[in-house]
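A.B. asks: Sharing protein33.txt, compact mmCIF, C-alpha atoms:
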```
# COMPACT_ATOMS: atom_id res chain seq x y z
CA MET A 1382 4.72 98.17 0.64
CA THR A 1383 1.82 95.85 0.23
CA LEU A 1384 -1.69 96.78 -0.88
CA TRP A 1385 -2.90 96.39 2.70
CA GLY A 1386 -0.36 98.93 3.95
CA VAL A 1387 -1.17 101.39 1.18
CA LEU A 1388 -4.89 101.14 1.93
CA GLN A 1389 -4.28 101.63 5.63
CA VAL A 1390 -2.10 104.73 5.19
CA LEU A 1391 -4.64 106.19 2.75
CA THR A 1392 -7.49 105.55 5.20
CA LEU A 1393 -5.62 107.19 8.09
CA VAL A 1394 -4.74 110.26 6.01
CA LEU A 1395 -8.37 110.59 4.91
CA ILE A 1396 -9.55 110.31 8.54
CA VAL A 1397 -7.29 113.21 9.55
CA ALA A 1398 -8.43 115.19 6.50
CA GLY A 1399 -12.09 114.65 7.39
CA ALA A 1400 -11.52 115.72 11.00
CA ALA A 1401 -9.66 118.87 9.87
CA LEU A 1402 -12.47 119.62 7.40
CA ALA A 1403 -15.05 119.25 10.18
CA VAL A 1404 -13.21 121.89 12.19
CA TRP A 1405 -12.55 124.22 9.26
CA LEU A 1406 -15.98 124.37 7.59
CA LYS A 1407 -18.32 127.22 8.57
CA ASP A 1408 -21.48 125.48 7.33
CA LEU A 1409 -22.39 123.26 10.29
CA LEU A 1410 -24.32 120.72 8.20
CA ALA A 1411 -21.29 120.22 5.95
CA ALA A 1412 -19.09 119.89 9.04
CA VAL A 1413 -21.37 117.17 10.39
CA ILE A 1414 -21.21 115.33 7.06
CA ALA A 1415 -17.41 115.54 7.14
CA LEU A 1416 -17.43 114.15 10.68
CA ALA A 1417 -19.68 111.28 9.55
CA ALA A 1418 -17.35 110.49 6.65
CA SER A 1419 -14.38 110.51 9.02
CA SER A 1420 -16.23 108.14 11.36
CA LEU A 1421 -17.12 105.79 8.50
CA LEU A 1422 -13.47 105.72 7.42
CA LEU A 1423 -12.50 104.96 11.02
CA SER A 1424 -14.89 102.00 10.84
CA LEU A 1425 -13.11 100.84 7.66
CA GLU A 1426 -9.80 101.16 9.51
CA PHE A 1427 -11.12 98.97 12.35
CA TYR A 1428 -12.16 96.41 9.74
CA LEU A 1429 -8.68 96.50 8.19
CA LEU A 1430 -7.19 95.87 11.64
CA GLN A 1431 -9.40 92.73 11.87
CA ALA A 1432 -11.84 93.98 14.50
CA PRO A 1433 -15.22 93.63 12.75
CA ASP A 1434 -17.19 93.87 16.02
CA VAL A 1435 -15.82 97.32 16.74
CA ALA A 1436 -16.29 98.26 13.08
CA ILE A 1437 -20.04 97.50 13.18
CA ALA A 1438 -20.43 99.38 16.48
CA GLU A 1439 -18.51 102.39 15.12
CA ALA A 1440 -20.54 102.45 11.90
CA GLY A 1441 -23.80 102.30 13.83
CA ILE A 1442 -23.02 104.73 16.63
CA GLY A 1443 -20.49 107.10 15.12
CA ALA A 1444 -21.65 107.38 11.54
CA ALA A 1445 -25.41 107.08 11.94
CA LEU A 1446 -26.70 107.96 15.40
CA THR A 1447 -24.33 110.84 16.19
CA THR A 1448 -24.99 112.35 12.76
CA ALA A 1449 -28.75 112.06 13.28
CA ILE A 1450 -28.59 113.78 16.66
CA TYR A 1451 -26.38 116.58 15.26
CA ILE A 1452 -28.74 117.05 12.31
CA LEU A 1453 -31.73 117.27 14.65
CA ALA A 1454 -29.87 119.86 16.76
CA ILE A 1455 -28.89 121.91 13.69
CA ARG A 1456 -32.47 121.82 12.44
CA LYS A 1457 -33.76 123.26 15.71
CA THR A 1458 -31.09 126.04 15.79
CA ARG A 1459 -28.99 127.88 13.20
CA ARG A 1460 -27.14 126.33 10.30
CA LYS A 1461 -24.29 128.82 9.87
CA GLU A 1462 -21.55 129.26 12.41
CA GLU A 1463 -21.18 132.85 13.58
CA GLU A 1464 -17.86 134.62 13.36
CA MET B 1385 1.71 133.65 25.18
CA ARG B 1386 1.86 132.70 21.54
CA TRP B 1387 5.28 131.10 21.90
CA LEU B 1388 3.91 129.12 24.85
CA LYS B 1389 1.17 127.70 22.64
CA VAL B 1390 3.65 126.81 19.88
CA GLY B 1391 5.93 125.16 22.43
CA ALA B 1392 3.09 123.11 23.89
CA LEU B 1393 2.04 122.02 20.40
CA LEU B 1394 5.64 121.04 19.56
CA VAL B 1395 5.94 119.01 22.77
CA VAL B 1396 2.69 117.15 22.07
CA VAL B 1397 3.62 116.46 18.43
CA GLY B 1398 7.07 115.28 19.45
CA PHE B 1399 5.61 112.98 22.08
CA LEU B 1400 3.15 111.47 19.60
CA LEU B 1401 5.85 111.00 16.92
CA GLY B 1402 8.13 109.35 19.47
CA ALA B 1403 5.32 107.06 20.59
CA ALA B 1404 4.67 106.12 16.98
CA ALA B 1405 8.37 105.44 16.36
CA TRP B 1406 8.85 103.21 19.44
CA MET B 1407 5.42 101.62 19.20
CA HIS B 1408 4.86 98.14 20.52
CA PRO B 1409 4.55 95.68 17.58
CA PHE B 1410 0.94 95.15 16.53
CA GLY B 1411 -0.72 91.89 17.51
CA LEU B 1412 1.92 90.78 20.04
CA PRO B 1413 0.68 91.35 23.59
CA TRP B 1414 3.15 91.33 26.49
CA ALA B 1415 1.21 88.67 28.41
CA SER B 1416 -0.94 86.44 26.23
CA ASP B 1417 -1.97 83.80 28.80
CA MET B 1418 -5.63 84.78 28.98
CA ASP B 1419 -5.87 85.19 25.18
CA ASP B 1420 -4.53 81.70 24.63
CA TYR B 1421 -6.91 80.31 27.24
CA PHE B 1422 -9.94 81.99 25.64
CA ILE B 1423 -9.01 80.92 22.12
CA ALA B 1424 -8.40 77.32 23.20
CA ASN B 1425 -11.37 76.82 25.53
CA ALA B 1426 -14.14 79.25 24.56
CA GLN B 1427 -15.71 76.91 22.01
CA GLY B 1428 -15.90 74.05 24.49
CA GLU B 1429 -17.00 75.99 27.56
CA ALA B 1430 -19.37 78.61 26.20
CA ALA B 1431 -20.41 76.60 23.10
CA ALA B 1432 -20.29 79.57 20.73
CA ASN B 1433 -18.17 80.14 17.65
CA ASN B 1434 -17.76 83.86 18.26
CA VAL B 1435 -15.13 84.10 20.99
CA VAL B 1436 -15.77 87.84 21.44
CA THR B 1437 -19.41 87.21 22.35
CA SER B 1438 -18.50 84.46 24.78
CA VAL B 1439 -16.00 86.79 26.47
CA VAL B 1440 -18.47 89.67 26.59
CA PHE B 1441 -21.47 87.73 27.88
CA ASP B 1442 -19.92 84.82 29.75
CA TYR B 1443 -16.38 85.32 31.04
CA ARG B 1444 -16.65 89.07 31.55
CA GLY B 1445 -20.37 89.33 32.18
CA PHE B 1446 -20.04 91.95 34.90
CA ASP B 1447 -18.53 94.39 32.39
CA THR B 1448 -21.60 94.02 30.20
CA LEU B 1449 -23.84 94.52 33.24
CA GLY B 1450 -22.05 97.79 33.97
CA GLU B 1451 -22.36 98.86 30.36
CA ALA B 1452 -26.10 98.15 30.43
CA THR B 1453 -26.38 100.18 33.63
CA VAL B 1454 -24.58 103.11 31.99
CA LEU B 1455 -26.99 102.99 29.05
CA LEU B 1456 -29.98 102.82 31.40
CA CYS B 1457 -28.69 105.84 33.35
CA ALA B 1458 -28.19 107.84 30.13
CA VAL B 1459 -31.69 107.07 28.86
CA VAL B 1460 -33.29 107.84 32.23
CA GLY B 1461 -31.40 111.14 32.38
CA VAL B 1462 -32.52 112.21 28.92
CA ALA B 1463 -36.11 111.16 29.60
CA LEU B 1464 -36.16 113.05 32.90
CA MET B 1465 -34.72 116.18 31.30
CA LEU B 1466 -37.09 116.23 28.33
CA ARG B 1467 -40.24 114.70 29.86
CA ARG B 1468 -42.09 117.92 30.66
CA ILE B 1469 -41.05 119.71 27.50
CA THR B 1470 -41.97 117.04 24.99
CA ARG B 1471 -44.91 115.61 26.98
CA MET C 469 -37.57 116.42 3.85
CA SER C 470 -37.80 116.27 0.07
CA VAL C 471 -39.43 113.53 -2.00
CA VAL C 472 -36.09 112.00 -2.98
CA VAL C 473 -35.00 111.55 0.63
CA ARG C 474 -38.38 110.14 1.64
CA THR C 475 -38.46 107.60 -1.18
CA ILE C 476 -34.92 106.41 -0.51
CA ALA C 477 -35.65 106.17 3.21
CA ARG C 478 -38.72 104.01 2.49
CA ILE C 479 -36.54 101.66 0.43
CA ILE C 480 -33.58 101.51 2.79
CA VAL C 481 -35.25 101.24 6.21
CA PRO C 482 -36.39 97.59 5.78
CA MET C 483 -32.87 96.65 4.68
CA ILE C 484 -31.34 98.25 7.79
CA LEU C 485 -33.89 96.48 10.00
CA ALA C 486 -33.14 93.12 8.36
CA PHE C 487 -29.38 93.60 8.76
CA GLY C 488 -29.75 94.60 12.39
CA GLY C 489 -31.92 91.58 13.12
CA TYR C 490 -29.36 89.36 11.41
CA VAL C 491 -26.51 90.84 13.46
CA ILE C 492 -28.41 90.28 16.72
CA MET C 493 -29.65 86.80 15.84
CA HIS C 494 -26.27 85.49 14.67
CA GLY C 495 -24.34 87.27 17.41
CA HIS C 496 -22.86 84.04 18.74
CA LEU C 497 -21.69 82.86 15.29
CA THR C 498 -20.55 85.90 13.27
CA PRO C 499 -19.03 89.25 14.26
CA GLY C 500 -21.51 91.48 16.02
CA GLY C 501 -23.86 90.94 18.89
CA GLY C 502 -26.57 92.59 20.87
CA PHE C 503 -25.00 96.03 21.19
CA GLN C 504 -23.91 96.31 17.55
CA GLY C 505 -27.19 95.04 16.10
CA GLY C 506 -29.16 97.27 18.44
CA ALA C 507 -27.14 100.27 17.30
CA VAL C 508 -27.86 99.38 13.65
CA VAL C 509 -31.63 99.11 14.29
CA ALA C 510 -31.55 102.34 16.32
CA SER C 511 -29.91 104.06 13.34
CA ALA C 512 -32.99 103.04 11.31
CA VAL C 513 -35.16 104.71 13.99
CA ALA C 514 -32.94 107.80 13.75
CA LEU C 515 -33.38 107.82 9.95
CA ILE C 516 -37.16 107.70 10.38
CA VAL C 517 -37.04 110.54 12.93
CA VAL C 518 -34.81 112.71 10.72
CA VAL C 519 -36.77 112.13 7.51
CA PHE C 520 -40.41 111.84 8.58
CA GLY C 521 -40.31 113.83 11.81
CA ALA C 522 -40.60 112.66 15.39
CA GLU C 523 -44.34 113.35 15.64
CA ARG C 524 -45.00 110.07 13.88
CA LEU C 525 -43.32 108.10 16.68
CA LYS C 526 -44.71 110.17 19.55
CA ARG C 527 -47.24 107.58 20.66
CA ARG C 528 -44.60 104.82 20.68
CA LYS C 529 -42.62 106.42 23.53
CA THR C 530 -44.29 104.38 26.27
CA LEU C 531 -43.74 101.16 24.31
CA LEU C 532 -40.04 102.00 23.87
CA SER C 533 -39.43 102.66 27.56
CA LEU C 534 -41.34 99.48 28.43
CA LEU C 535 -39.14 97.47 26.04
CA GLU C 536 -36.02 98.99 27.61
CA ASP C 537 -37.02 97.82 31.08
CA LEU C 538 -38.03 94.42 29.69
CA GLY C 539 -34.57 93.98 28.11
CA ALA C 540 -32.79 94.95 31.34
CA ILE C 541 -34.94 92.59 33.44
CA ALA C 542 -34.42 89.71 30.98
CA PHE C 543 -30.65 90.26 31.00
CA ILE C 544 -30.43 90.18 34.80
CA ALA C 545 -32.78 87.18 35.00
CA LEU C 546 -30.61 85.27 32.52
CA ALA C 547 -27.57 86.15 34.60
CA PHE C 548 -29.35 84.88 37.74
CA LEU C 549 -30.04 81.53 36.03
CA GLY C 550 -26.51 80.43 36.85
CA ILE C 551 -26.54 81.55 40.49
CA GLY C 552 -26.11 77.90 41.55
CA VAL C 553 -22.45 78.08 40.48
CA THR C 554 -21.64 81.74 39.88
CA PHE C 555 -23.40 84.83 38.61
CA PHE C 556 -23.32 84.79 34.76
CA ARG C 557 -22.68 81.03 34.63
CA ASN C 558 -23.69 79.68 31.20
CA VAL C 559 -26.02 76.90 32.37
CA LEU C 560 -27.61 76.05 29.03
CA ALA C 561 -24.36 75.53 27.07
CA GLY C 562 -23.88 71.98 25.88
CA GLY C 563 -26.82 70.71 27.94
CA GLY C 564 -28.83 69.37 25.01
CA GLY C 565 -31.87 71.56 25.67
CA LEU C 566 -32.63 74.99 24.25
CA PHE C 567 -29.53 76.30 22.41
CA GLY C 568 -27.65 73.39 23.94
CA VAL C 569 -25.94 71.65 21.02
CA PRO C 570 -22.21 71.28 21.80
CA VAL C 571 -19.86 72.88 19.29
CA PRO C 572 -17.18 70.76 17.61
CA PRO C 573 -13.79 72.36 18.31
CA GLY C 574 -11.95 74.06 15.51
CA PRO C 575 -13.32 75.72 12.38
CA ASN C 576 -16.92 74.80 11.59
CA PRO C 577 -19.74 76.34 9.52
CA GLY C 578 -21.62 77.43 12.66
CA PHE C 579 -24.90 76.14 14.06
CA LEU C 580 -27.68 78.45 15.20
CA ASP C 581 -28.81 76.14 18.01
CA THR C 582 -25.63 76.55 20.07
CA GLY C 583 -24.37 78.98 22.65
CA GLY C 584 -26.47 78.34 25.76
CA THR C 585 -27.64 81.63 27.25
CA LEU C 586 -25.56 83.74 24.84
CA PRO C 587 -28.23 84.13 22.10
CA LEU C 588 -30.90 84.96 24.69
CA MET C 589 -28.60 87.54 26.29
CA ASN C 590 -27.91 88.93 22.81
CA TRP C 591 -31.63 89.43 22.28
CA ALA C 592 -32.06 91.01 25.72
CA VAL C 593 -29.21 93.47 25.24
CA GLY C 594 -30.30 94.14 21.66
CA LEU C 595 -33.83 94.98 22.78
CA LYS C 596 -32.40 97.23 25.49
CA VAL C 597 -30.11 99.11 23.09
CA ILE C 598 -32.82 99.49 20.41
CA ALA C 599 -35.34 100.86 22.88
CA GLY C 600 -32.85 103.03 24.77
CA LEU C 601 -31.13 104.73 21.83
CA GLY C 602 -34.41 104.91 19.88
CA SER C 603 -36.21 106.66 22.72
CA VAL C 604 -33.29 109.07 23.14
CA VAL C 605 -33.45 110.01 19.44
CA VAL C 606 -37.26 110.35 19.52
CA LEU C 607 -37.08 112.58 22.62
CA PHE C 608 -34.42 114.79 21.03
CA GLY C 609 -36.57 115.02 17.90
CA LEU C 610 -39.62 116.07 19.91
CA PHE C 611 -37.65 118.72 21.84
CA GLY C 612 -38.04 122.36 20.86
CA GLY C 613 -40.28 124.01 18.33
CA LYS C 614 -41.93 122.50 15.31
CA ASP C 615 -39.72 122.06 12.28
CA ASP C 616 -41.26 121.82 8.83
CA ARG C 617 -38.07 121.41 6.86
```
Is it possible to express this structure as structure tokens?

C.D. replies:
Amino acid sequence: MTLWGVLQVLTLVLIVAGAALAVWLKDLLAAVIALAASSLLLSLEFYLLQAPDVAIAEAGIGAALTTAIYILAIRKTRRKEEE
Amino acid sequence: MRWLKVGALLVVVGFLLGAAAWMHPFGLPWASDMDDYFIANAQGEAAANNVVTSVVFDYRGFDTLGEATVLLCAVVGVALMLRRITR
Amino acid sequence: MSVVVRTIARIIVPMILAFGGYVIMHGHLTPGGGFQGGAVVASAVALIVVVFGAERLKRRKTLLSLLEDLGAIAFIALAFLGIGVTFFRNVLAGGGGLFGVPVPPGPNPGFLDTGGTLPLMNWAVGLKVIAGLGSVVVLFGLFGGKDDR
């Protein structure tokens, strides 16, 4: 397996791990950070698949703007998820 | 009820694994006529190096118009909803 | 926010703005374009709103909505330029005027003065996306009670 393939498999596994972490965490701010990390890794995956346009759009929308809106919403409400 | 959930999960996972096993090879579209046309003629017709931009703004301009309309509708909706509250 | 976050935001916001402007301006030469560059600049606006609070940008709301309409009108006007042939016809490409230098086929280093209406449309859509997403983030920041965290 080439280096490209190894990097791609590692990126995909980390994306799934970040998504699972975002569901599993009870601290909503940490969950949002995990979601942002997953989105940034998805942008890296788009770049590896030779789609830099989509990678820039994903990094701007998914990793920055969505995180900012979630953080604003968490700041106005509660930080901990209730059982 | 629980076994129903497990069964549904198994069906979905099996479907996804099967789709991954018999996946179409990456980078080989079934019909590549339009791709070849764009790659051969975009530089001469739209006079831009970035073929994606010339597709988005020139050949498929109506798609971009629809996308701009969607963005406008979203912004107008948010502004209408929060206008009184934020002032 | 704390002093560390504020200092780092002051350093990093001009860099994000410069990169977004580069992505919009070179949209017809390098990967990116109006939507992507506008999203990058709007993320800088979101950083300002999260770090310094939305009260600072409250008086800019009217300007942002005005810029959004200006971008939409410019985009449709540029599309109407080619109504002699079809809607969205690239009339300026290769004509020798503004942005009218013809591109040599094949790999080339890229010339900024090419592309016809594409760079102008990039700027129109970029302005629209910056103003639209920025005003959405500012409105969400202004919503609800005061936050002093």

A.B. asks: Nearest to Gly1450 in chain B among C:Pro575, C:Phe543, C:Ile479, C:Ala561, with distances taken over all atoms listed in the file: which residue is it?

C.D. replies: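 Of the candidates, the smallest distance to Gly1450 in chain B is held by C:Phe543.
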
A.B. asks: Using all atoms listed in the file, find which residues of chain A lie within 12 Å of chain B and jot them down as an mmCIF file with C-alpha atoms, keeping the file's coordinate frame.

C.D. replies:
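That gives us result.cif:
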```cif
data_model
loop_
_atom_site.group_PDB
_atom_site.id
_atom_site.type_symbol
_atom_site.label_atom_id
_atom_site.label_comp_id
_atom_site.auth_asym_id
_atom_site.auth_seq_id
_atom_site.Cartn_x
_atom_site.Cartn_y
_atom_site.Cartn_z
ATOM 1 C CA LEU A 1430 -7.190 95.870 11.640
ATOM 2 C CA GLN A 1431 -9.400 92.730 11.870
ATOM 3 C CA ALA A 1432 -11.840 93.980 14.500
ATOM 4 C CA PRO A 1433 -15.220 93.630 12.750
ATOM 5 C CA ASP A 1434 -17.190 93.870 16.020
ATOM 6 C CA VAL A 1435 -15.820 97.320 16.740
#
```

A.B. asks: May I ask for the distance between CA of Met483 in chain C and CA of Gly502 in chain C, given in Å to one decimal place?

C.D. replies: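 Distance reported for this atom pair: 17.8 Å.
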
A.B. asks: Pull out every residue of chain B sitting within 10 Å of chain C, counting only C-alpha atoms, and send them as an mmCIF file with C-alpha atoms, keeping the file's coordinate frame.

C.D. replies:
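Written output follows (iface-v1.cif):
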```
data_model
loop_
_atom_site.group_PDB
_atom_site.id
_atom_site.type_symbol
_atom_site.label_atom_id
_atom_site.label_comp_id
_atom_site.auth_asym_id
_atom_site.auth_seq_id
_atom_site.Cartn_x
_atom_site.Cartn_y
_atom_site.Cartn_z
ATOM 1 C CA ILE B 1423 -9.010 80.920 22.120
ATOM 2 C CA ALA B 1424 -8.400 77.320 23.200
ATOM 3 C CA ASN B 1425 -11.370 76.820 25.530
ATOM 4 C CA ALA B 1426 -14.140 79.250 24.560
ATOM 5 C CA GLN B 1427 -15.710 76.910 22.010
ATOM 6 C CA GLY B 1428 -15.900 74.050 24.490
ATOM 7 C CA GLU B 1429 -17.000 75.990 27.560
ATOM 8 C CA ALA B 1430 -19.370 78.610 26.200
ATOM 9 C CA ALA B 1431 -20.410 76.600 23.100
ATOM 10 C CA ALA B 1432 -20.290 79.570 20.730
ATOM 11 C CA ASN B 1433 -18.170 80.140 17.650
ATOM 12 C CA ASN B 1434 -17.760 83.860 18.260
ATOM 13 C CA VAL B 1435 -15.130 84.100 20.990
ATOM 14 C CA VAL B 1436 -15.770 87.840 21.440
ATOM 15 C CA THR B 1437 -19.410 87.210 22.350
ATOM 16 C CA SER B 1438 -18.500 84.460 24.780
ATOM 17 C CA VAL B 1440 -18.470 89.670 26.590
ATOM 18 C CA PHE B 1441 -21.470 87.730 27.880
ATOM 19 C CA ASP B 1442 -19.920 84.820 29.750
ATOM 20 C CA TYR B 1443 -16.380 85.320 31.040
ATOM 21 C CA ARG B 1444 -16.650 89.070 31.550
ATOM 22 C CA GLY B 1445 -20.370 89.330 32.180
ATOM 23 C CA PHE B 1446 -20.040 91.950 34.900
ATOM 24 C CA THR B 1448 -21.600 94.020 30.200
ATOM 25 C CA LEU B 1449 -23.840 94.520 33.240
ATOM 26 C CA GLU B 1451 -22.360 98.860 30.360
ATOM 27 C CA ALA B 1452 -26.100 98.150 30.430
ATOM 28 C CA THR B 1453 -26.380 100.180 33.630
ATOM 29 C CA LEU B 1455 -26.990 102.990 29.050
ATOM 30 C CA LEU B 1456 -29.980 102.820 31.400
ATOM 31 C CA CYS B 1457 -28.690 105.840 33.350
ATOM 32 C CA ALA B 1458 -28.190 107.840 30.130
ATOM 33 C CA VAL B 1459 -31.690 107.070 28.860
ATOM 34 C CA VAL B 1460 -33.290 107.840 32.230
ATOM 35 C CA GLY B 1461 -31.400 111.140 32.380
ATOM 36 C CA VAL B 1462 -32.520 112.210 28.920
ATOM 37 C CA ALA B 1463 -36.110 111.160 29.600
ATOM 38 C CA MET B 1465 -34.720 116.180 31.300
ATOM 39 C CA LEU B 1466 -37.090 116.230 28.330
ATOM 40 C CA ARG B 1467 -40.240 114.700 29.860
ATOM 41 C CA ARG B 1468 -42.090 117.920 30.660
ATOM 42 C CA ILE B 1469 -41.050 119.710 27.500
ATOM 43 C CA THR B 1470 -41.970 117.040 24.990
ATOM 44 C CA ARG B 1471 -44.910 115.610 26.980
#
```

A.B. asks: Calculate how many Å separate CA of Ala1417 in chain A from CA of Ala1444 in chain A, rounding to one decimal.

C.D. replies: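 Going from CA of Ala1417 in chain A over to CA of Ala1444 in chain A, I get 4.8 Å.
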
A.B. asks: Find the residue from A:Leu1453, A:Leu1429, A:Ala1415, A:Leu1421 that sits nearest to chain C; use all atoms listed in the file when measuring.

C.D. replies: A:Leu1453

A.B. asks: What are the closest atom pairs, with distances in Å to one decimal, for each residue of chain A lying within 8 Å of chain C, using only C-alpha atoms, rows by chain and rising residue number, as a Markdown table?

C.D. replies:
```
| residue | atom | partner | partner_atom | distance |
| --- | --- | --- | --- | --- |
| A:Pro1433 | CA | C:Pro499 | CA | 6.0 |
| A:Asp1434 | CA | C:Gly500 | CA | 4.9 |
| A:Ile1437 | CA | C:Gln504 | CA | 6.0 |
| A:Ala1438 | CA | C:Gln504 | CA | 4.8 |
| A:Gly1441 | CA | C:Val508 | CA | 5.0 |
| A:Ile1442 | CA | C:Ala507 | CA | 6.1 |
| A:Ala1445 | CA | C:Ser511 | CA | 5.6 |
| A:Leu1446 | CA | C:Ser511 | CA | 5.5 |
| A:Ala1449 | CA | C:Ala514 | CA | 6.0 |
| A:Ile1450 | CA | C:Val605 | CA | 6.7 |
| A:Ile1452 | CA | C:Val518 | CA | 7.6 |
| A:Leu1453 | CA | C:Gly609 | CA | 6.2 |
| A:Arg1456 | CA | C:Asp615 | CA | 7.3 |
| A:Lys1457 | CA | C:Gly612 | CA | 6.8 |
```

A.B. asks: With all atoms listed in the file as the counted atoms, please give the residues lying no more than 12 Å from Leu1388 in chain A, apart from itself and same-chain residues fewer than 5 positions off, as an mmCIF file with C-alpha atoms, keeping the file's coordinate frame.

C.D. replies:
```cif
data_model
loop_
_atom_site.group_PDB
_atom_site.id
_atom_site.type_symbol
_atom_site.label_atom_id
_atom_site.label_comp_id
_atom_site.auth_asym_id
_atom_site.auth_seq_id
_atom_site.Cartn_x
_atom_site.Cartn_y
_atom_site.Cartn_z
ATOM 1 C CA MET A 1382 4.720 98.170 0.640
ATOM 2 C CA THR A 1383 1.820 95.850 0.230
ATOM 3 C CA LEU A 1393 -5.620 107.190 8.090
ATOM 4 C CA VAL A 1394 -4.740 110.260 6.010
ATOM 5 C CA LEU A 1395 -8.370 110.590 4.910
ATOM 6 C CA LEU A 1422 -13.470 105.720 7.420
ATOM 7 C CA LEU A 1425 -13.110 100.840 7.660
ATOM 8 C CA GLU A 1426 -9.800 101.160 9.510
ATOM 9 C CA TYR A 1428 -12.160 96.410 9.740
ATOM 10 C CA LEU A 1429 -8.680 96.500 8.190
ATOM 11 C CA LEU A 1430 -7.190 95.870 11.640
#
```

A.B. asks: Return as AutoDock Vina command-line options the box centre and box size in Å, one decimal, for an axis-aligned box around all listed atoms of range 1420-1426 of chain B padded by 6 Å per side.

C.D. replies:
```
--center_x -9.3 --center_y 79.4 --center_z 24.7 --size_x 21.6 --size_y 17.2 --size_z 17.1
```

A.B. asks: Would you please work out which residue, of A:Ala1412, A:Thr1448, A:Ala1403, A:Leu1423, is nearest to Ala1436 in chain A when using all atoms listed in the file?

C.D. replies: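 Answer, going by the shortest atom-to-atom distance: A:Leu1423.
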
A.B. asks: Can you work out the spacing between CA of Ala1398 in chain A and CA of Ala1418 in chain A in Å, to one decimal?

C.D. replies: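 Computing the Euclidean distance for CA of Ala1398 in chain A and CA of Ala1418 in chain A yields 10.1 Å.
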
A.B. asks: Excluding Phe520 in chain C and residues on its chain fewer than 4 positions from it, collect all residues at most 8 Å away from it, counting only C-alpha atoms, and give them as a ChimeraX atom specification.

C.D. replies: /C:469,474,516,524
